[in-house]
>>> print(open('target.json').read())   # JSON, C-alpha atoms
[["chain", "number", "residue", "atom", "x", "y", "z"],
["R", 1, "MET", "CA", 22.16, 10.62, 17.11],
["R", 2, "LYS", "CA", 18.95, 9.19, 18.49],
["R", 3, "LYS", "CA", 19.22, 6.01, 20.50],
["R", 4, "LYS", "CA", 18.03, 2.96, 18.61],
["R", 5, "LEU", "CA", 15.05, 1.14, 20.07],
["R", 6, "LEU", "CA", 14.14, -2.41, 19.12],
["R", 7, "PHE", "CA", 10.63, -3.82, 19.24],
["R", 8, "LEU", "CA", 9.34, -7.22, 18.16],
["R", 9, "LEU", "CA", 5.84, -7.10, 16.74],
["R", 10, "SER", "CA", 3.79, -9.34, 14.48],
["R", 11, "PHE", "CA", 3.20, -8.12, 10.94],
["R", 12, "SER", "CA", 2.49, -9.28, 7.41],
["R", 13, "LEU", "CA", 2.01, -7.58, 4.07],
["R", 14, "LEU", "CA", 1.01, -4.88, 3.70],
["R", 15, "ALA", "CA", 0.29, -7.23, -2.33],
["R", 16, "SER", "CA", -20.11, -4.92, -11.50],
["R", 17, "SER", "CA", -20.49, -2.71, -14.54],
["R", 18, "CYS", "CA", -19.36, 0.89, -14.93],
["R", 19, "GLY", "CA", -21.69, 3.35, -13.27],
["R", 20, "GLN", "CA", -21.85, 1.75, -9.84],
["R", 21, "GLU", "CA", -21.03, 3.19, -6.44],
["R", 22, "SER", "CA", -22.09, 1.78, -3.11],
["R", 23, "SER", "CA", -21.49, 2.43, 0.56],
["R", 24, "VAL", "CA", -21.43, -0.94, 2.29],
["R", 25, "ILE", "CA", -20.98, 0.22, 5.88],
["R", 26, "GLU", "CA", -23.81, 2.61, 6.62],
["R", 27, "SER", "CA", -22.45, 5.45, 8.75],
["R", 28, "SER", "CA", -22.32, 9.24, 8.59],
["R", 29, "SER", "CA", -19.45, 9.32, 11.07],
["R", 30, "GLN", "CA", -16.48, 11.27, 9.70],
["R", 31, "GLU", "CA", -14.21, 9.17, 11.92],
["R", 32, "VAL", "CA", -15.30, 6.00, 10.13],
["R", 33, "ARG", "CA", -15.27, 7.59, 6.68],
["R", 34, "GLN", "CA", -11.71, 8.87, 7.04],
["R", 35, "SER", "CA", -10.37, 5.76, 8.74],
["R", 36, "ILE", "CA", -8.17, 4.15, 6.09],
["R", 37, "PRO", "CA", -4.42, 4.83, 6.30],
["R", 38, "LEU", "CA", -2.38, 5.86, 3.28],
["R", 39, "PHE", "CA", 1.32, 4.96, 3.14],
["R", 40, "HIS", "CA", 4.06, 6.22, 0.86],
["R", 41, "TYR", "CA", 6.89, 4.76, -1.18],
["R", 42, "GLU", "CA", 9.51, 6.89, -2.90],
["R", 43, "LEU", "CA", 10.68, 4.18, -5.32],
["R", 44, "ASN", "CA", 7.34, 3.77, -7.09],
["R", 45, "SER", "CA", 8.52, 4.87, -10.54],
["R", 46, "LEU", "CA", 10.19, 3.15, -13.47],
["R", 47, "GLU", "CA", 12.07, 5.13, -16.09],
["R", 48, "THR", "CA", 11.75, 3.87, -19.66],
["R", 49, "ASP", "CA", 13.21, 5.16, -22.93],
["R", 50, "SER", "CA", 10.20, 7.40, -23.53],
["R", 51, "SER", "CA", 8.68, 8.16, -20.12],
["R", 52, "ILE", "CA", 8.56, 7.58, -16.39],
["R", 53, "GLU", "CA", 5.95, 5.07, -15.25],
["R", 54, "TYR", "CA", 4.40, 5.49, -11.81],
["R", 55, "MET", "CA", 3.47, 2.13, -10.40],
["R", 56, "PRO", "CA", 0.98, 0.71, -7.91],
["R", 57, "PHE", "CA", 1.93, -1.97, -5.41],
["R", 58, "GLU", "CA", 0.46, -5.30, -6.54],
["R", 59, "ILE", "CA", -0.90, -7.80, -4.01],
["R", 60, "ASP", "CA", -2.17, -11.33, -4.61],
["R", 61, "ASN", "CA", -5.30, -12.99, -3.25],
["R", 62, "THR", "CA", -3.31, -14.60, -0.42],
["R", 63, "THR", "CA", -2.17, -11.22, 0.87],
["R", 64, "PHE", "CA", -5.67, -9.81, 0.37],
["R", 65, "GLY", "CA", -7.15, -12.66, 2.41],
["R", 66, "TYR", "CA", -4.60, -12.14, 5.17],
["R", 67, "TRP", "CA", -5.40, -8.44, 5.38],
["R", 68, "ILE", "CA", -9.12, -9.15, 5.61],
["R", 69, "ASN", "CA", -8.65, -11.80, 8.32],
["R", 70, "GLN", "CA", -6.35, -9.53, 10.35],
["R", 71, "LYS", "CA", -8.77, -6.57, 10.12],
["R", 72, "ALA", "CA", -6.53, -4.33, 8.04],
["R", 73, "SER", "CA", -7.78, -1.03, 6.62],
["R", 74, "PHE", "CA", -6.65, -0.22, 3.09],
["R", 75, "PRO", "CA", -7.67, 1.17, -0.30],
["R", 76, "LEU", "CA", -7.56, -1.18, -3.28],
["R", 77, "PHE", "CA", -7.52, -0.36, -6.97],
["R", 78, "VAL", "CA", -8.92, -3.26, -9.01],
["R", 79, "TYR", "CA", -7.87, -3.00, -12.65],
["R", 80, "ALA", "CA", -9.82, -4.43, -15.57],
["R", 81, "SER", "CA", -8.43, -3.93, -19.06],
["R", 82, "GLY", "CA", -10.64, -3.19, -22.05],
["R", 83, "CYS", "CA", -12.84, -0.45, -20.58],
["R", 84, "GLY", "CA", -12.10, 2.74, -22.55],
["R", 85, "SER", "CA", -13.17, 5.20, -19.87],
["R", 86, "CYS", "CA", -11.44, 3.10, -17.21],
["R", 87, "ASP", "CA", -8.17, 3.19, -19.16],
["R", 88, "VAL", "CA", -8.38, 6.98, -19.29],
["R", 89, "PHE", "CA", -8.98, 6.96, -15.55],
["R", 90, "ALA", "CA", -5.80, 4.91, -15.17],
["R", 91, "LEU", "CA", -3.81, 7.99, -16.20],
["R", 92, "ASN", "CA", -5.25, 9.88, -13.24],
["R", 93, "VAL", "CA", -4.41, 6.97, -10.94],
["R", 94, "LYS", "CA", -0.77, 6.98, -12.02],
["R", 95, "ASP", "CA", -0.54, 10.76, -11.70],
["R", 96, "TYR", "CA", -2.03, 10.54, -8.21],
["R", 97, "ILE", "CA", 0.64, 7.97, -7.27],
["R", 98, "ARG", "CA", 3.26, 10.40, -8.58],
["R", 99, "GLN", "CA", 1.93, 13.45, -6.75],
["R", 100, "GLU", "CA", 1.45, 11.69, -3.42],
["R", 101, "SER", "CA", 4.43, 9.27, -3.61],
["R", 102, "LEU", "CA", 1.79, 6.72, -2.74],
["R", 103, "SER", "CA", 2.08, 2.99, -2.13],
["R", 104, "LEU", "CA", -1.28, 2.07, -3.65],
["R", 105, "PRO", "CA", -2.48, -1.55, -3.31],
["R", 106, "PHE", "CA", -3.49, -2.99, -6.69],
["R", 107, "MET", "CA", -5.08, -6.19, -8.00],
["R", 108, "THR", "CA", -6.15, -7.25, -11.44],
["R", 109, "LEU", "CA", -9.84, -8.07, -11.77],
["R", 110, "SER", "CA", -9.05, -11.73, -12.47],
["R", 111, "SER", "CA", -6.98, -11.98, -9.29],
["R", 112, "TYR", "CA", -9.59, -10.17, -7.20],
["R", 113, "GLN", "CA", -12.30, -12.53, -8.45],
["R", 114, "LYS", "CA", -10.37, -15.42, -6.88],
["R", 115, "THR", "CA", -10.74, -13.94, -3.39],
["R", 116, "ALA", "CA", -13.43, -15.04, -0.97],
["R", 117, "ASN", "CA", -16.81, -13.35, -1.55],
["R", 118, "PRO", "CA", -15.71, -10.83, -4.21],
["R", 119, "LEU", "CA", -18.03, -8.15, -5.56],
["R", 120, "SER", "CA", -19.52, -8.83, -8.98],
["R", 121, "LEU", "CA", -17.30, -6.47, -10.96],
["R", 122, "SER", "CA", -16.73, -6.29, -14.69],
["R", 123, "ASP", "CA", -14.67, -3.09, -14.89],
["R", 124, "SER", "CA", -12.04, -1.24, -12.90],
["R", 125, "ALA", "CA", -13.03, -0.19, -9.37],
["R", 126, "PHE", "CA", -11.81, 1.53, -6.24],
["R", 127, "LEU", "CA", -12.56, -0.38, -3.03],
["R", 128, "PHE", "CA", -12.02, 0.82, 0.54],
["R", 129, "PHE", "CA", -11.75, -1.64, 3.43],
["R", 130, "HIS", "CA", -12.09, -0.66, 7.09],
["R", 131, "GLU", "CA", -10.93, -3.23, 9.65],
["R", 132, "GLY", "CA", -11.34, -6.03, 7.15],
["R", 133, "LYS", "CA", -14.81, -5.03, 5.95],
["R", 134, "LEU", "CA", -15.76, -3.30, 2.73],
["R", 135, "LEU", "CA", -16.61, 0.31, 3.52],
["R", 136, "THR", "CA", -17.46, 1.56, 0.03],
["R", 137, "TYR", "CA", -16.60, 1.04, -3.63],
["R", 138, "LYS", "CA", -16.88, 2.87, -6.93],
["R", 139, "THR", "CA", -16.81, 1.82, -10.57],
["R", 140, "ASP", "CA", -18.18, 4.96, -12.24],
["R", 141, "PHE", "CA", -15.35, 7.41, -12.84],
["R", 142, "ASP", "CA", -17.14, 9.81, -15.19],
["R", 143, "ASP", "CA", -17.27, 12.42, -12.42],
["R", 144, "ILE", "CA", -13.49, 12.19, -11.83],
["R", 145, "GLY", "CA", -11.79, 13.97, -14.70],
["R", 146, "SER", "CA", -8.56, 15.07, -13.03],
["R", 147, "THR", "CA", -5.98, 14.03, -10.46],
["R", 148, "LYS", "CA", -7.29, 16.71, -8.11],
["R", 149, "GLU", "CA", -10.80, 15.24, -8.25],
["R", 150, "LEU", "CA", -9.41, 11.75, -7.67],
["R", 151, "LYS", "CA", -7.55, 12.96, -4.57],
["R", 152, "GLN", "CA", -10.69, 14.66, -3.26],
["R", 153, "TYR", "CA", -12.60, 11.40, -3.70],
["R", 154, "ILE", "CA", -9.96, 9.27, -1.95],
["R", 155, "ASP", "CA", -9.59, 11.82, 0.87],
["R", 156, "GLN", "CA", -13.20, 11.14, 1.88],
["R", 157, "TYR", "CA", -12.22, 7.71, 3.21],
["R", 158, "THR", "CA", -8.52, 7.97, 4.05],
["R", 159, "TYR", "CA", -5.95, 9.79, 6.14],
["R", 160, "ASP", "CA", -2.26, 10.36, 5.45],
["R", 161, "THR", "CA", 0.02, 8.54, 7.89],
["R", 162, "ASP", "CA", 3.14, 10.43, 6.68],
["R", 163, "ILE", "CA", 4.83, 7.02, 6.78],
["R", 164, "THR", "CA", 6.95, 5.76, 3.91],
["R", 165, "PHE", "CA", 7.69, 2.12, 3.16],
["R", 166, "LEU", "CA", 11.43, 1.60, 3.24],
["R", 167, "ASN", "CA", 12.01, -1.96, 2.02],
["R", 168, "SER", "CA", 13.57, -2.69, -1.33],
["R", 169, "SER", "CA", 11.23, -3.75, -4.13],
["R", 170, "TYR", "CA", 11.26, -5.30, -7.57],
["R", 171, "ILE", "CA", 9.25, -4.88, -10.77],
["R", 172, "LEU", "CA", 6.50, -7.48, -10.82],
["R", 173, "ASN", "CA", 4.18, -7.27, -13.86],
["R", 174, "THR", "CA", 3.12, -5.13, -16.81],
["R", 175, "TYR", "CA", -0.53, -5.09, -17.89],
["R", 176, "ASP", "CA", -1.60, -4.00, -21.38],
["R", 177, "ASP", "CA", 1.09, -1.30, -21.43],
["R", 178, "THR", "CA", -1.17, 0.55, -18.96],
["R", 179, "PHE", "CA", 0.18, -0.43, -15.55],
["R", 180, "THR", "CA", 3.53, -1.72, -14.41],
["R", 181, "THR", "CA", 3.50, -2.97, -10.81],
["R", 182, "TYR", "CA", 6.04, -3.72, -8.09],
["R", 183, "SER", "CA", 6.24, -5.88, -4.98],
["R", 184, "TYR", "CA", 8.29, -5.56, -1.79],
["R", 185, "ARG", "CA", 11.14, -7.65, -0.46],
["R", 186, "GLY", "CA", 11.65, -8.44, 3.21],
["R", 187, "ASN", "CA", 14.65, -6.19, 3.72],
["R", 188, "ILE", "CA", 15.97, -2.69, 3.20],
["R", 189, "SER", "CA", 19.25, -3.72, 1.60],
["R", 190, "LYS", "CA", 19.84, -4.37, -2.07],
["R", 191, "TYR", "CA", 19.04, -8.03, -2.67],
["R", 192, "GLU", "CA", 19.59, -8.25, -6.42],
["R", 193, "ASP", "CA", 20.92, -5.92, -9.10],
["R", 194, "THR", "CA", 17.39, -5.48, -10.41],
["R", 195, "ASP", "CA", 16.01, -4.31, -7.05],
["R", 196, "GLN", "CA", 14.94, -0.80, -6.26],
["R", 197, "ALA", "CA", 16.49, 0.10, -2.91],
["R", 198, "VAL", "CA", 16.76, 3.08, -0.61],
["R", 199, "LYS", "CA", 20.46, 3.85, -0.32],
["R", 200, "ASP", "CA", 20.63, 6.06, 2.75],
["R", 201, "PHE", "CA", 18.92, 5.74, 6.12],
["R", 202, "SER", "CA", 19.79, 6.48, 9.74],
["R", 203, "GLY", "CA", 18.01, 7.08, 13.02],
["R", 204, "SER", "CA", 15.92, 5.14, 15.52],
["R", 205, "TYR", "CA", 13.75, 2.33, 14.30],
["R", 206, "MET", "CA", 11.16, -0.28, 15.23],
["R", 207, "LEU", "CA", 11.84, -3.86, 14.17],
["R", 208, "VAL", "CA", 8.75, -5.79, 13.12],
["R", 209, "ARG", "CA", 8.73, -9.53, 12.41],
["R", 210, "ASN", "CA", 6.80, -12.76, 13.21],
["R", 211, "VAL", "CA", 4.29, -12.32, 10.47],
["R", 212, "HIS", "CA", 1.06, -14.08, 11.45],
["R", 213, "GLN", "CA", -0.45, -12.40, 14.53],
["R", 214, "LEU", "CA", -0.67, -8.66, 13.93],
["R", 215, "ASN", "CA", -3.71, -6.79, 15.18],
["R", 216, "TYR", "CA", -3.88, -4.10, 12.50],
["R", 217, "PRO", "CA", -6.20, -1.64, 14.29],
["R", 218, "SER", "CA", -3.84, -1.58, 17.30],
["R", 219, "PHE", "CA", -0.82, -1.30, 15.02],
["R", 220, "TYR", "CA", -2.28, 1.76, 13.26],
["R", 221, "THR", "CA", -2.83, 3.37, 16.66],
["R", 222, "ASP", "CA", 0.75, 2.60, 17.65],
["R", 223, "LEU", "CA", 2.04, 4.22, 14.46],
["R", 224, "LYS", "CA", 0.10, 7.41, 15.18],
["R", 225, "GLU", "CA", 1.61, 7.62, 18.64],
["R", 226, "SER", "CA", 5.17, 6.53, 17.81],
["R", 227, "TYR", "CA", 8.26, 8.72, 17.48],
["R", 228, "PHE", "CA", 10.53, 6.37, 15.53],
["R", 229, "ASP", "CA", 12.45, 7.41, 12.45],
["R", 230, "TYR", "CA", 12.04, 3.96, 10.89],
["R", 231, "VAL", "CA", 9.97, 0.83, 11.12],
["R", 232, "VAL", "CA", 11.86, -2.10, 9.61],
["R", 233, "PHE", "CA", 10.40, -5.49, 8.75],
["R", 234, "GLY", "CA", 13.01, -8.23, 8.96],
["R", 235, "GLY", "CA", 16.21, -8.60, 10.96],
["R", 236, "VAL", "CA", 18.54, -5.79, 11.90],
["R", 237, "ASP", "CA", 22.16, -5.51, 13.02],
["R", 238, "LEU", "CA", 22.25, -2.91, 15.80],
["R", 239, "ASP", "CA", 25.90, -2.01, 15.21],
["R", 240, "ASP", "CA", 26.10, -1.92, 11.43],
["R", 241, "LYS", "CA", 22.57, -0.63, 10.75],
["R", 242, "THR", "CA", 22.15, -3.28, 8.07],
["R", 243, "VAL", "CA", 19.06, -5.39, 7.61],
["R", 244, "PRO", "CA", 19.71, -8.92, 6.30],
["R", 245, "TYR", "CA", 17.14, -10.77, 4.25],
["R", 246, "TYR", "CA", 14.85, -12.84, 6.49],
["R", 247, "GLU", "CA", 11.49, -13.55, 4.88],
["R", 248, "GLU", "CA", 9.62, -12.84, 1.68],
["R", 249, "ASN", "CA", 6.47, -10.76, 1.81],
["R", 250, "ILE", "CA", 7.35, -8.45, 4.69],
["R", 251, "ILE", "CA", 7.31, -4.68, 4.36],
["R", 252, "GLY", "CA", 9.40, -2.05, 6.10],
["R", 253, "VAL", "CA", 8.22, 1.49, 6.77],
["R", 254, "TYR", "CA", 9.99, 4.72, 7.57],
["R", 255, "ILE", "CA", 8.23, 7.19, 9.85],
["R", 256, "GLN", "CA", 9.05, 10.70, 8.71],
["R", 257, "PRO", "CA", 9.95, 13.31, 11.37]]
>>> encode(input="target.json", output="structure tokens")
Amino acid sequence: MKKKLLFLLSFSLLASSCGQESSVIESSSQEVRQSIPLFHYELNSLETDSSIEYMPFEIDNTTFGYWINQKASFPLFVYASGCGSCDVFALNVKDYIRQESLSLPFMTLSSYQKTANPLSLSDSAFLFFHEGKLLTYKTDFDDIGSTKELKQYIDQYTYDTDITFLNSSYILNTYDDTFTTYSYRGNISKYEDTDQAVKDFSGSYMLVRNVHQLNYPSFYTDLKESYFDYVVFGGVDLDDKTVPYYEENIIGVYIQP
């Protein structure tokens, strides 16, 4: 068994009209274009009586503001109900989450509009942020008619970290019977009977806590260079391999071999 290694880092959460697309950061550099990390979560589905719903990870405007201030890089799906073509596009979004086991950040339009300096949006949109600044956004989805085309679009601005969030989560909201969302808890153990929780884990890990000082660009670099099996946000018992509940709004991640 690999020796367990413990690290203390600072970290915190990771929660216009149709026909518009704009690149905000002007650059032809492929390094900048494909600079946004994608993370995974295996417990992103909810089984109902008639189907299995694949869910995005909902953030609020407080988390969004923290990410921007700490220079995080992330995609964001902003959902506005009532747009017929956008609702059809939502099916591709959910199928993309399914295919990629993706942890996709999500906000409703009304929540996004409460953030500082929001775009003037009236319909659903995909936004991509690089080191806290808006890289590009898109509200016209007429040219994306399949999950494959959606993946090709997202791949222009992102890279796959091969890292999977490990913390338990809970169902958060349902919107217009179109999207059900979840949020993370600050542990990897089952906190309540209604939680979704990973039941089996072992191996070396990085412990991440103290949630207000993380330099995201450096953290992404560290993740690329690390060799840990797990990154855990919260406290950990070195002997029992259990992680007690410490704080709300902390995420854990598992680095796949």
>>> atom_distance(input="target.json", atom1="atom CA of Ser226 of chain R", atom2="atom CA of Pro75 of chain R")
22.8 Å
>>> atom_distance(input="target.json", atom1="atom CA of Phe89 of chain R", atom2="atom CA of Asp49 of chain R")
23.5 Å
>>> residues_around(input="target.json", residues="Phe39 of chain R", least_positions_apart="4", cutoff="8 Å", atoms="only C-alpha atoms", output="PyMOL selection string")
chain R and resi 102-104+160-165
>>> closest_residue(input="target.json", among="R:Leu166, R:Leu46, R:Val32, R:Leu119", to="Thr194 of chain R", atoms="all atoms listed in the file")
R:Leu46
>>> axis_aligned_box(input="target.json", around="segment 164-169 of chain R", padding_each_side="6 Å", output="JSON")
{"center_x": 10.3, "center_y": 1.0, "center_z": -0.1, "size_x": 18.6, "size_y": 21.5, "size_z": 20.0}
